[in-house]
Structures are given as structure tokens and as C-alpha cells.
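Just query.txt here, compact mmCIF, C-alpha atoms:
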# COMPACT_ATOMS: atom_id res chain seq x y z
CA MET A 206 6.40 -14.06 -3.04
CA SER A 207 3.93 -16.99 -2.90
CA PRO A 208 0.35 -16.60 -4.24
CA LEU A 209 -0.79 -16.83 -0.61
CA ASP A 210 1.42 -13.95 0.57
CA GLN A 211 0.55 -11.93 -2.54
CA LEU A 212 -3.17 -12.26 -1.83
CA MET A 213 -2.77 -11.34 1.83
CA LYS A 214 -0.73 -8.27 0.88
CA HIS A 215 -3.43 -7.13 -1.55
CA LEU A 216 -6.25 -7.71 0.94
CA ALA A 217 -4.43 -6.06 3.87
CA ARG A 218 -4.34 -2.78 1.93
CA LEU A 219 -8.11 -2.56 1.52
CA PRO A 220 -10.00 -0.08 3.73
CA GLY A 221 -11.02 -1.61 7.06
CA LEU A 222 -8.67 -4.59 6.73
CA GLY A 223 -5.22 -5.19 8.21
CA PRO A 224 -2.75 -8.09 8.17
CA ARG A 225 -4.74 -10.04 10.75
CA SER A 226 -8.18 -9.71 9.17
CA ALA A 227 -6.63 -10.36 5.73
CA ARG A 228 -5.18 -13.67 7.02
CA ARG A 229 -8.55 -14.63 8.49
CA MET A 230 -10.28 -13.81 5.22
CA VAL A 231 -7.77 -15.79 3.13
CA LEU A 232 -8.21 -18.87 5.30
CA HIS A 233 -11.99 -18.51 5.18
CA LEU A 234 -11.87 -18.30 1.36
CA LEU A 235 -9.40 -21.15 0.80
CA LYS A 236 -11.40 -23.49 3.01
CA ARG A 237 -14.53 -22.76 0.99
CA ARG A 238 -13.15 -22.61 -2.54
CA GLU A 239 -16.21 -23.87 -4.42
CA ALA A 240 -18.90 -22.35 -2.23
CA VAL A 241 -17.43 -18.92 -1.47
CA PHE A 242 -14.08 -18.14 -3.11
CA LEU A 243 -14.84 -18.88 -6.78
CA PRO A 244 -18.30 -17.20 -6.70
CA LEU A 245 -16.66 -14.13 -5.10
CA ILE A 246 -13.96 -13.96 -7.80
CA ASP A 247 -16.71 -14.29 -10.40
CA ALA A 248 -18.80 -11.49 -8.83
CA MET A 249 -15.70 -9.27 -8.68
CA SER A 250 -14.80 -9.89 -12.32
CA ARG A 251 -18.34 -9.12 -13.44
CA ALA A 252 -18.45 -5.92 -11.38
CA ALA A 253 -15.04 -4.79 -12.67
CA GLN A 254 -16.20 -5.32 -16.25
CA ASN A 255 -19.80 -4.17 -16.12
CA VAL A 256 -20.12 -1.39 -13.54
CA LYS A 257 -19.98 1.98 -15.28
CA ASP A 258 -19.40 5.56 -14.10
CA CYS A 259 -22.42 7.66 -15.03
CA SER A 260 -21.16 10.46 -17.27
CA VAL A 261 -24.05 12.67 -16.17
CA CYS A 262 -24.10 12.50 -12.36
CA GLY A 263 -21.02 10.43 -11.39
CA ASN A 264 -23.00 7.54 -9.82
CA LEU A 265 -21.82 3.94 -10.31
CA GLY A 266 -24.22 1.48 -11.89
CA GLY A 267 -24.98 -1.00 -14.62
CA ALA A 268 -25.47 1.61 -17.36
CA ASP A 269 -24.34 5.06 -18.52
CA PRO A 270 -26.39 7.21 -17.93
CA CYS A 271 -27.19 5.44 -14.66
CA GLU A 272 -30.57 4.05 -13.58
CA ILE A 273 -31.37 7.26 -11.68
CA CYS A 274 -30.45 9.69 -14.48
CA SER A 275 -32.53 7.72 -16.99
CA ASP A 276 -35.55 7.26 -14.68
CA PRO A 277 -38.51 9.18 -16.20
CA GLY A 278 -40.33 9.14 -12.85
CA ARG A 279 -37.78 11.41 -11.13
CA ASP A 280 -38.43 15.09 -10.34
CA ARG A 281 -36.53 16.98 -13.08
CA SER A 282 -36.52 20.25 -11.12
CA LEU A 283 -34.30 18.98 -8.27
CA ILE A 284 -30.60 18.15 -8.13
CA CYS A 285 -28.85 17.02 -4.98
CA VAL A 286 -25.09 17.61 -4.74
CA VAL A 287 -23.09 15.01 -2.75
CA GLU A 288 -19.39 14.47 -2.11
CA ASP A 289 -19.27 10.79 -2.87
CA VAL A 290 -21.21 7.88 -4.38
CA ALA A 291 -21.59 6.45 -0.85
CA ASP A 292 -23.57 9.58 0.14
CA LEU A 293 -25.79 9.19 -2.92
CA TRP A 294 -26.50 5.58 -1.93
CA ALA A 295 -27.28 6.65 1.64
CA LEU A 296 -29.86 9.17 0.38
CA GLU A 297 -31.36 6.55 -1.95
CA ARG A 298 -31.69 4.09 0.93
CA SER A 299 -33.65 6.72 2.89
CA LYS A 300 -36.20 6.85 0.01
CA ALA A 301 -36.81 10.48 1.05
CA TYR A 302 -35.61 12.05 -2.20
CA ARG A 303 -36.88 11.63 -5.77
CA GLY A 304 -34.81 14.11 -7.79
CA PHE A 305 -31.46 13.81 -9.55
CA TYR A 306 -27.94 13.77 -8.10
CA HIS A 307 -24.54 15.22 -8.82
CA VAL A 308 -21.43 13.60 -7.31
CA LEU A 309 -18.61 16.11 -6.77
CA GLY A 310 -15.98 13.43 -6.18
CA GLY A 311 -14.60 14.90 -2.95
CA THR A 312 -14.27 18.21 -1.13
CA LEU A 313 -11.97 21.16 -1.60
CA SER A 314 -8.92 20.82 0.61
CA ALA A 315 -5.87 23.06 0.65
CA LEU A 316 -4.12 20.49 2.84
CA GLU A 317 -4.62 17.59 0.44
CA GLY A 318 -4.23 19.80 -2.65
CA VAL A 319 -7.79 19.32 -3.92
CA ARG A 320 -8.63 22.37 -6.07
CA PRO A 321 -12.00 23.28 -7.67
CA ALA A 322 -10.78 21.89 -11.01
CA ASP A 323 -10.33 18.46 -9.36
CA LEU A 324 -14.05 18.27 -8.51
CA HIS A 325 -17.00 18.08 -10.91
CA ILE A 326 -18.12 21.66 -10.22
CA ASP A 327 -17.98 23.04 -13.79
CA LYS A 328 -20.05 20.09 -14.92
CA LEU A 329 -22.63 20.87 -12.23
CA VAL A 330 -22.88 24.51 -13.36
CA ASP A 331 -23.35 23.34 -16.99
CA ARG A 332 -26.03 20.85 -15.93
CA VAL A 333 -27.94 23.50 -14.00
CA LYS A 334 -27.77 25.96 -16.92
CA ASP A 335 -28.89 23.41 -19.54
CA SER A 336 -31.89 21.92 -17.74
CA GLN A 337 -35.18 22.61 -15.96
CA ILE A 338 -33.46 22.46 -12.56
CA LYS A 339 -35.14 24.83 -10.11
CA GLU A 340 -33.43 23.87 -6.84
CA VAL A 341 -29.95 22.61 -5.98
CA ILE A 342 -29.72 20.86 -2.59
CA LEU A 343 -26.18 20.91 -1.21
CA ALA A 344 -26.04 17.64 0.77
CA LEU A 345 -22.37 17.85 1.75
CA ASN A 346 -20.97 16.47 4.98
CA ALA A 347 -21.15 18.73 8.04
CA THR A 348 -17.34 18.93 8.20
CA VAL A 349 -15.16 22.02 7.71
CA GLU A 350 -14.18 20.85 4.19
CA GLY A 351 -17.75 19.89 3.31
CA GLN A 352 -19.13 23.26 4.37
CA ALA A 353 -16.33 25.21 2.65
CA THR A 354 -17.04 23.25 -0.54
CA ALA A 355 -20.78 23.93 -0.20
CA HIS A 356 -20.03 27.64 0.12
CA PHE A 357 -17.83 27.56 -2.99
CA VAL A 358 -20.41 25.65 -5.05
CA ALA A 359 -23.20 28.02 -3.94
CA GLU A 360 -21.04 30.95 -5.07
CA ARG A 361 -20.46 29.36 -8.48
CA LEU A 362 -24.21 28.78 -8.92
CA SER A 363 -25.31 32.22 -7.71
CA HIS A 364 -25.63 33.71 -11.24
CA THR A 365 -27.85 30.88 -12.54
CA GLY A 366 -30.88 32.08 -10.58
CA VAL A 367 -31.52 28.60 -9.18
CA THR A 368 -32.68 28.15 -5.55
CA ILE A 369 -29.86 26.76 -3.37
CA SER A 370 -30.63 24.87 -0.17
CA ARG A 371 -28.69 22.86 2.41
CA LEU A 372 -29.59 19.95 4.67
CA ALA A 373 -30.88 21.00 8.12
CA HIS A 374 -28.64 20.66 11.16
CA GLY A 375 -30.16 19.35 14.37
CA LEU A 376 -30.82 16.50 16.74
CA PRO A 377 -30.47 13.11 14.97
CA VAL A 378 -33.67 11.04 15.20
CA GLY A 379 -33.26 8.82 18.27
CA GLY A 380 -30.45 11.07 19.53
CA GLU A 381 -30.05 12.12 23.17
CA LEU A 382 -29.23 15.70 24.15
CA ASP A 383 -26.68 14.57 26.70
CA TYR A 384 -24.52 12.92 24.03
CA LEU A 385 -24.65 15.74 21.47
CA ASP A 386 -21.80 18.15 20.78
CA ASP A 387 -22.27 21.88 21.44
CA GLY A 388 -22.25 22.77 17.74
CA THR A 389 -25.21 20.51 16.98
CA LEU A 390 -27.11 21.68 20.07
CA THR A 391 -26.56 25.32 19.10
CA ALA A 392 -27.71 24.58 15.51
CA ALA A 393 -30.78 22.67 16.74
CA LEU A 394 -31.74 25.54 19.07
CA LYS A 395 -31.29 28.22 16.40
CA ALA A 396 -33.35 26.25 13.88
CA ARG A 397 -36.12 25.44 16.40
CA ARG A 398 -39.69 25.35 15.09
CA MET A 399 -43.01 26.07 16.70
CA ALA A 400 -44.52 22.99 18.31
CA GLY A 401 -47.98 21.66 17.49
CA MET B 5 -29.72 -8.28 -9.01
CA SER B 6 -27.11 -5.91 -10.50
CA PRO B 7 -23.37 -6.86 -10.55
CA LEU B 8 -22.87 -4.15 -7.94
CA ASP B 9 -25.46 -5.57 -5.52
CA GLN B 10 -24.21 -9.11 -6.21
CA LEU B 11 -20.66 -8.15 -5.27
CA MET B 12 -21.76 -6.34 -2.11
CA LYS B 13 -23.82 -9.36 -1.06
CA HIS B 14 -20.83 -11.67 -1.52
CA LEU B 15 -18.45 -9.35 0.35
CA ALA B 16 -20.85 -8.67 3.23
CA ARG B 17 -20.85 -12.39 4.09
CA LEU B 18 -17.07 -12.57 4.62
CA PRO B 19 -15.78 -12.71 8.21
CA GLY B 20 -15.27 -9.25 9.69
CA LEU B 21 -17.30 -7.48 7.01
CA GLY B 22 -20.90 -6.28 7.03
CA PRO B 23 -23.11 -4.37 4.60
CA ARG B 24 -21.49 -1.04 5.44
CA SER B 25 -17.85 -2.12 5.13
CA ALA B 26 -18.71 -4.11 1.99
CA ARG B 27 -20.13 -0.94 0.40
CA ARG B 28 -17.01 1.01 1.37
CA MET B 29 -14.80 -1.70 -0.10
CA VAL B 30 -16.75 -1.88 -3.36
CA LEU B 31 -16.48 1.90 -3.84
CA HIS B 32 -12.76 1.79 -3.03
CA LEU B 33 -12.25 -0.98 -5.60
CA LEU B 34 -14.37 0.53 -8.38
CA LYS B 35 -12.63 3.89 -8.08
CA ARG B 36 -9.24 2.19 -8.47
CA ARG B 37 -10.00 -0.43 -11.10
CA GLU B 38 -6.59 -0.57 -12.77
CA ALA B 39 -4.42 -0.01 -9.69
CA VAL B 40 -6.24 -2.09 -7.08
CA PHE B 41 -9.31 -4.00 -8.29
CA LEU B 42 -7.87 -5.92 -11.26
CA PRO B 43 -4.61 -6.85 -9.46
CA LEU B 44 -6.71 -8.10 -6.50
CA ILE B 45 -8.90 -10.25 -8.77
CA ASP B 46 -5.73 -11.61 -10.37
CA ALA B 47 -4.15 -12.42 -6.98
CA MET B 48 -7.37 -14.14 -5.88
CA SER B 49 -7.57 -16.25 -9.05
CA ARG B 50 -3.96 -17.32 -8.71
CA ALA B 51 -4.41 -18.22 -5.03
CA ALA B 52 -7.62 -20.17 -5.75
CA GLN B 53 -5.82 -22.15 -8.46
CA ASN B 54 -2.38 -22.63 -6.95
CA VAL B 55 -2.71 -22.85 -3.18
CA LYS B 56 -2.74 -26.50 -2.13
CA ASP B 57 -3.73 -28.34 1.03
CA CYS B 58 -0.73 -30.25 2.34
CA SER B 59 -1.74 -33.92 2.46
CA VAL B 60 0.77 -34.55 5.27
CA CYS B 61 0.13 -31.82 7.84
CA GLY B 62 -2.91 -29.90 6.56
CA ASN B 63 -1.09 -26.57 6.04
CA LEU B 64 -1.93 -24.38 3.04
CA GLY B 65 0.87 -23.47 0.64
CA GLY B 66 2.25 -23.51 -2.86
CA ALA B 67 3.06 -27.22 -2.91
CA ASP B 68 1.96 -30.61 -1.56
CA PRO B 69 3.73 -31.61 0.66
CA CYS B 70 4.05 -28.02 1.92
CA GLU B 71 7.25 -26.01 2.31
CA ILE B 72 7.49 -27.00 6.00
CA CYS B 73 6.93 -30.73 5.52
CA SER B 74 9.56 -30.84 2.75
CA ASP B 75 12.14 -28.71 4.60
CA PRO B 76 15.19 -30.91 5.36
CA GLY B 77 16.37 -28.44 8.04
CA ARG B 78 13.43 -29.15 10.37
CA ASP B 79 13.68 -31.19 13.54
CA ARG B 80 12.19 -34.60 12.56
CA SER B 81 11.61 -35.64 16.18
CA LEU B 82 9.01 -32.94 16.96
CA ILE B 83 5.41 -32.53 15.85
CA CYS B 84 3.19 -29.69 16.99
CA VAL B 85 -0.59 -30.24 16.90
CA VAL B 86 -2.74 -27.16 16.20
CA GLU B 87 -6.45 -26.61 15.63
CA ASP B 88 -6.19 -24.47 12.55
CA VAL B 89 -3.83 -23.25 9.83
CA ALA B 90 -4.00 -19.76 11.41
CA ASP B 91 -2.44 -21.21 14.59
CA LEU B 92 0.34 -22.85 12.55
CA TRP B 93 1.08 -19.50 10.91
CA ALA B 94 1.12 -17.76 14.31
CA LEU B 95 3.72 -20.25 15.58
CA GLU B 96 5.79 -19.84 12.41
CA ARG B 97 5.75 -16.05 12.83
CA SER B 98 7.15 -16.47 16.35
CA LYS B 99 10.18 -18.31 14.85
CA ALA B 100 10.35 -20.20 18.18
CA TYR B 101 9.66 -23.65 16.75
CA ARG B 102 11.56 -25.69 14.14
CA GLY B 103 9.74 -29.02 14.05
CA PHE B 104 6.77 -30.27 12.02
CA TYR B 105 3.07 -29.53 12.40
CA HIS B 106 -0.24 -31.34 12.29
CA VAL B 107 -3.45 -29.38 11.71
CA LEU B 108 -6.50 -31.04 13.30
CA GLY B 109 -9.00 -28.90 11.43
CA GLY B 110 -11.03 -27.88 14.47
CA THR B 111 -11.91 -29.06 17.96
CA LEU B 112 -14.27 -31.71 19.25
CA SER B 113 -17.64 -30.18 20.04
CA ALA B 114 -20.78 -32.04 21.05
CA LEU B 115 -22.73 -28.80 20.55
CA GLU B 116 -21.62 -28.30 16.94
CA GLY B 117 -21.58 -32.02 16.20
CA VAL B 118 -17.81 -32.29 15.62
CA ARG B 119 -16.81 -35.90 16.32
CA PRO B 120 -13.27 -37.39 16.41
CA ALA B 121 -13.77 -38.75 12.87
CA ASP B 122 -14.29 -35.16 11.61
CA LEU B 123 -10.77 -34.16 12.76
CA HIS B 124 -7.44 -35.44 11.43
CA ILE B 125 -6.71 -37.48 14.56
CA ASP B 126 -6.29 -40.94 12.95
CA LYS B 127 -3.86 -39.39 10.49
CA LEU B 128 -1.85 -37.94 13.41
CA VAL B 129 -1.64 -41.34 15.12
CA ASP B 130 -0.47 -42.91 11.85
CA ARG B 131 2.16 -40.19 11.36
CA VAL B 132 3.50 -40.65 14.89
CA LYS B 133 3.70 -44.45 14.45
CA ASP B 134 5.43 -44.29 11.07
CA SER B 135 8.15 -41.74 11.86
CA GLN B 136 11.02 -40.77 14.16
CA ILE B 137 8.71 -38.46 16.17
CA LYS B 138 9.77 -38.39 19.84
CA GLU B 139 7.57 -35.59 21.17
CA VAL B 140 4.07 -34.35 20.32
CA ILE B 141 3.36 -30.79 21.46
CA LEU B 142 -0.37 -30.15 21.87
CA ALA B 143 -0.66 -26.45 21.00
CA LEU B 144 -4.45 -26.21 21.19
CA ASN B 145 -6.32 -23.12 22.28
CA ALA B 146 -6.84 -22.67 26.03
CA THR B 147 -10.61 -22.99 25.60
CA VAL B 148 -12.86 -25.73 26.99
CA GLU B 149 -13.13 -27.35 23.53
CA GLY B 150 -9.39 -27.00 22.88
CA GLN B 151 -8.46 -28.62 26.17
CA ALA B 152 -11.00 -31.42 25.79
CA THR B 153 -9.61 -32.12 22.33
CA ALA B 154 -6.03 -32.09 23.69
CA HIS B 155 -7.08 -34.64 26.32
CA PHE B 156 -8.67 -36.88 23.68
CA VAL B 157 -5.64 -36.68 21.38
CA ALA B 158 -3.25 -37.45 24.28
CA GLU B 159 -5.37 -40.50 25.11
CA ARG B 160 -5.21 -41.72 21.49
CA LEU B 161 -1.42 -41.30 21.45
CA SER B 162 -0.78 -42.89 24.86
CA HIS B 163 0.05 -46.38 23.43
CA THR B 164 2.65 -45.01 20.96
CA GLY B 165 5.20 -44.31 23.71
CA VAL B 166 5.82 -40.77 22.43
CA THR B 167 6.32 -37.88 24.88
CA ILE B 168 3.25 -35.61 25.00
CA SER B 169 3.54 -31.97 26.09
CA ARG B 170 1.32 -28.90 26.21
CA LEU B 171 1.98 -25.18 25.98
CA ALA B 172 2.56 -23.48 29.35
CA HIS B 173 -0.15 -21.31 30.87
CA GLY B 174 0.85 -18.02 32.49
CA LEU B 175 1.22 -14.28 32.32
CA PRO B 176 1.44 -13.08 28.69
CA VAL B 177 4.66 -11.17 27.98
CA GLY B 178 3.82 -7.48 28.51
CA GLY B 179 0.68 -8.47 30.45
CA GLU B 180 -0.46 -6.76 33.64
CA LEU B 181 -1.67 -8.75 36.64
CA ASP B 182 -4.59 -6.41 37.23
CA TYR B 183 -6.08 -7.22 33.82
CA LEU B 184 -5.65 -11.00 33.99
CA ASP B 185 -8.45 -13.45 34.67
CA ASP B 186 -8.36 -15.65 37.79
CA GLY B 187 -7.72 -18.84 35.81
CA THR B 188 -4.55 -17.48 34.24
CA LEU B 189 -3.33 -16.03 37.55
CA THR B 190 -3.90 -19.38 39.29
CA ALA B 191 -2.04 -21.22 36.50
CA ALA B 192 0.84 -18.72 36.57
CA LEU B 193 1.16 -19.10 40.36
CA LYS B 194 1.05 -22.90 40.26
CA ALA B 195 3.69 -23.05 37.54
CA ARG B 196 5.97 -20.47 39.21
CA ARG B 197 9.71 -20.98 38.83
CA MET B 198 12.64 -20.10 41.09
CA ALA B 199 14.00 -16.62 40.34
CA GLY B 200 17.63 -15.93 39.46

Show the structure stored in the file as C-alpha cells.
Amino acid sequence: MSPLDQLMKHLARLPGLGPRSARRMVLHLLKRREAVFLPLIDAMSRAAQNVKDCSVCGNLGGADPCEICSDPGRDRSLICVVEDVADLWALERSKAYRGFYHVLGGTLSALEGVRPADLHIDKLVDRVKDSQIKEVILALNATVEGQATAHFVAERLSHTGVTISRLAHGLPVGGELDYLDDGTLTAALKARRMAG
Amino acid sequence: MSPLDQLMKHLARLPGLGPRSARRMVLHLLKRREAVFLPLIDAMSRAAQNVKDCSVCGNLGGADPCEICSDPGRDRSLICVVEDVADLWALERSKAYRGFYHVLGGTLSALEGVRPADLHIDKLVDRVKDSQIKEVILALNATVEGQATAHFVAERLSHTGVTISRLAHGLPVGGELDYLDDGTLTAALKARRMAG
């Protein structure tokens, strides 16, 4: 197989790309070798070599422990449990949270054969026991698997005496009632708060 | 800027990707360093080093002249003019054409400042003069710029005595009348052929 076909095969398997977008990308890169292609290869090589998994929380970053785990300005009493690094980054972008994180690495799933031992749950329990953590926020996705996992994690933490909380369900900011599903509407109604 | 942010910035500028899909791709790659990320970097490096521009037709491939230009089994009397390498590849995938190609490298555009000298038009005229070419097929896109460029190229070739043809307009195979634009319907009607 030619280097061209090889590269297109590799690119077409990435998430969000297919044969057509991989072809477009390859042409874009080969036409701009000096300006785009070589700097991209360089950035990839540096990321592959230098980005580290944080052995404490599971975040990806330039150091281990990561920038968040080693930040002295963070609230040491809070830990936020997320499924994936992408969720951690989403919370960081919101700038609404200043505690620590714990990345589970997925959700429990009988269908896909993901058992508790496949996720970083034991490590979370150890972290909570060994530190000044007072509250664990379960920020898992509002899917069946996410909620089942949250339930399991809460169970495992119940003997530690730590406060366990979950993200609120409700109307997304900017959301319109007419476009919301019944589940969200029901949750938003149940969790209604006094106005004013 | 960290290697992670650097890589996301580079990826987000590629065609078809944005900040969100670049993030997703980076996480996908960093979680599969050995199986996906390093082989992809390797395939990119090899393509950047080994893929050559064909000095005859403008195709991209493993050699110069390219595999098509140096194929003795091709019909030496035919040359097909396309805007871009992607168009050449599309025609090759169809397996409907067995002549040579000539990539113009774009279309004339007063708006974007693309003049005849920016396209490989002189080179095409030279090729047609110096060879056994009998027919030039103008396979340019059915856009205003594509058709204006086809007209200009035909003009430039008029003194060479070569036959000049264009792709037919009409109903795409599998297409439904109800979804077609008026221009295509008009063209398909005008170019109708006797049934049976």
C-alpha cells in the first residue's frame, strides 16, 4: 500500500472522520507541507512524548501529578467524579468549580463488559479515605449507564462518611420548554425553587 | 502553551474539524498511543517525505512522473482536465476513464485573485502540442468558476486542432426529479436521447 493510501486509512479510522474527509484532509496537508503538515507532525510527536496521565486523578497534562492536582489554590475538601477527561475539561472551561477531580475512565456496562474493576473506583475510595475530602460530587452523564455508575460509586463511598452530591437536572440555560424531553421537564418541575 | 493545547490548536484548523472535534480526536489518540497515535504519526511522516507532486500532470503519488503518467496501458490520445487532485481521484475510483490527466490547480476567480498564470494552463497547452493527444476532456466542476475556466481553457486550446469535450449535464444516477434544481432539469431535457 502506498504512503498516501496508508495515511488515508489511518485518518479514516479516527472519530468523526470517514474516507471522504480523510481524503480532503490528506490533500489539504500535502498542499501545505511546510506551513501546516510538518508543524502538525511536530505537534503530534511532542504531545505523544510529553503528555502524561496523572496518576492521582486520571487527567491528561504536561506533568504527573497534573497541573490541577498540584495546584495549591484548589479547594482540598472537594472532589468531582467524571467519566472521562473530556468531561473534566468541560467543567474546567466553565470555571465554576475549584476543587479536585477523579476520572473514572468510563461507566459500568453489562452490555460492553465494563465491570467495577475496569474503572478507577477503588482508587477513588482510597483517595477519599486518605485525604481531607468532605464532599464528592458525582458529575456523571445523565444516561442510564452514567446514573447506574453514580449509584454504584455512591454505595462504595457510603461508609466513608463523606457528603455525596450529584449535578442538578433541569432546563438548560437558553433552553426552550417546547424542545425539552419529558424526563427533563419532570426533573425541572420536581426540583423547582421558590422565585424571588 | 502546553503540547496538548498546541496539538488541539493545530488540529482545529484542519478542514472539517473545529475545537470540539479536535479535542475528541486528541483524547482518542492519547488514550491509544501505541495502537493508534504512534502509527498515525509514522504514516504522516512517511507521506510528508515520500509523496511527490507529478511534474507532468500535477497528481500526488509515490513517484514523479506519477503511476498514471508512467502507465503504458493508458490511452495516449486522451487527456482529462480537472481542477483538483481530489477530482482526479474521483474519476479514477469510477474506473470509467483510461487516459491521462491534467490538474489545473484551481479555477479562475476574479474575486479570489486567481489569474490564468496561477493555473497550469500553459503547461497543458504545451503537453497537447508535444504529444499524440487527440481529445481534451474538460472535467471541471459545474460551478460558475469551473465553467468560466473551461471556456478559457477551450479558447487557449482552439489553435491546436485537438477535439475538446465536456462532461454531460443531467440527472444523477439514482437521482429523483423532484429534488433536482431547474438548471439540471433544463440541461437533462435539452440533452435528451431517443429511448430504446

Q.
Residues of chain B were defined as contacting chain A if any atom lay at most 7 Å from it, counting all atoms listed in the file; please report them as a list in words.
A. Ser6, Pro7, Leu8, Gln10, Leu11, His14, Leu18, Pro19, Met29, Leu34, Arg37, Leu44, Ile45, Ala47, Met48, Ser49, Arg50, Ala51, Ala52, Val55, Gly65 and Gly66 of chain B

Q: Using all atoms listed in the file, determine which residues lie at most 12 Å from A:Arg361, disregarding the query and same-chain residues fewer than 5 positions distant; provide the list as a list in words.
A: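 The residues satisfying every condition are Pro321, Ile326, Asp327, Lys328, Leu329, Val330, Asp331, Val333, Lys334, Val341, Thr354, Ala355, His356, Gly366, Val367 and Ile369 of chain A.
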
Q) Between atom CA of A:Phe305 and atom CA of A:Val286, what is the spacing in Å? A) 8.8 Å

Q | Coordinates-based distance that separates atom CA of A:Asp280 from atom CA of A:Gly304 (Å, one decimal) | A |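 Rounded to one decimal, the two atoms are 4.5 Å apart.
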
Q.
Report, in Å to a single decimal, how far apart atom CA of A:Gly263 and atom CA of A:Pro277 are.
A.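 Distance between the two atoms: 18.2 Å.
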
Build an axis-aligned box that encloses every atom of stretch 98-113 of chain B listed in the file, pad it by 6 Å on each side, and report its centre and edge lengths in Å to one decimal, as AutoDock Vina command-line options.
--center_x -3.0 --center_y -24.1 --center_z 15.7 --size_x 41.2 --size_y 27.2 --size_z 20.6

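For the residues A:Asp383, A:Leu372, A:Ala315, A:Tyr306, ranking by smallest atom-to-atom distance to A:Pro270 using all atoms listed in the file places A:Tyr306 first.
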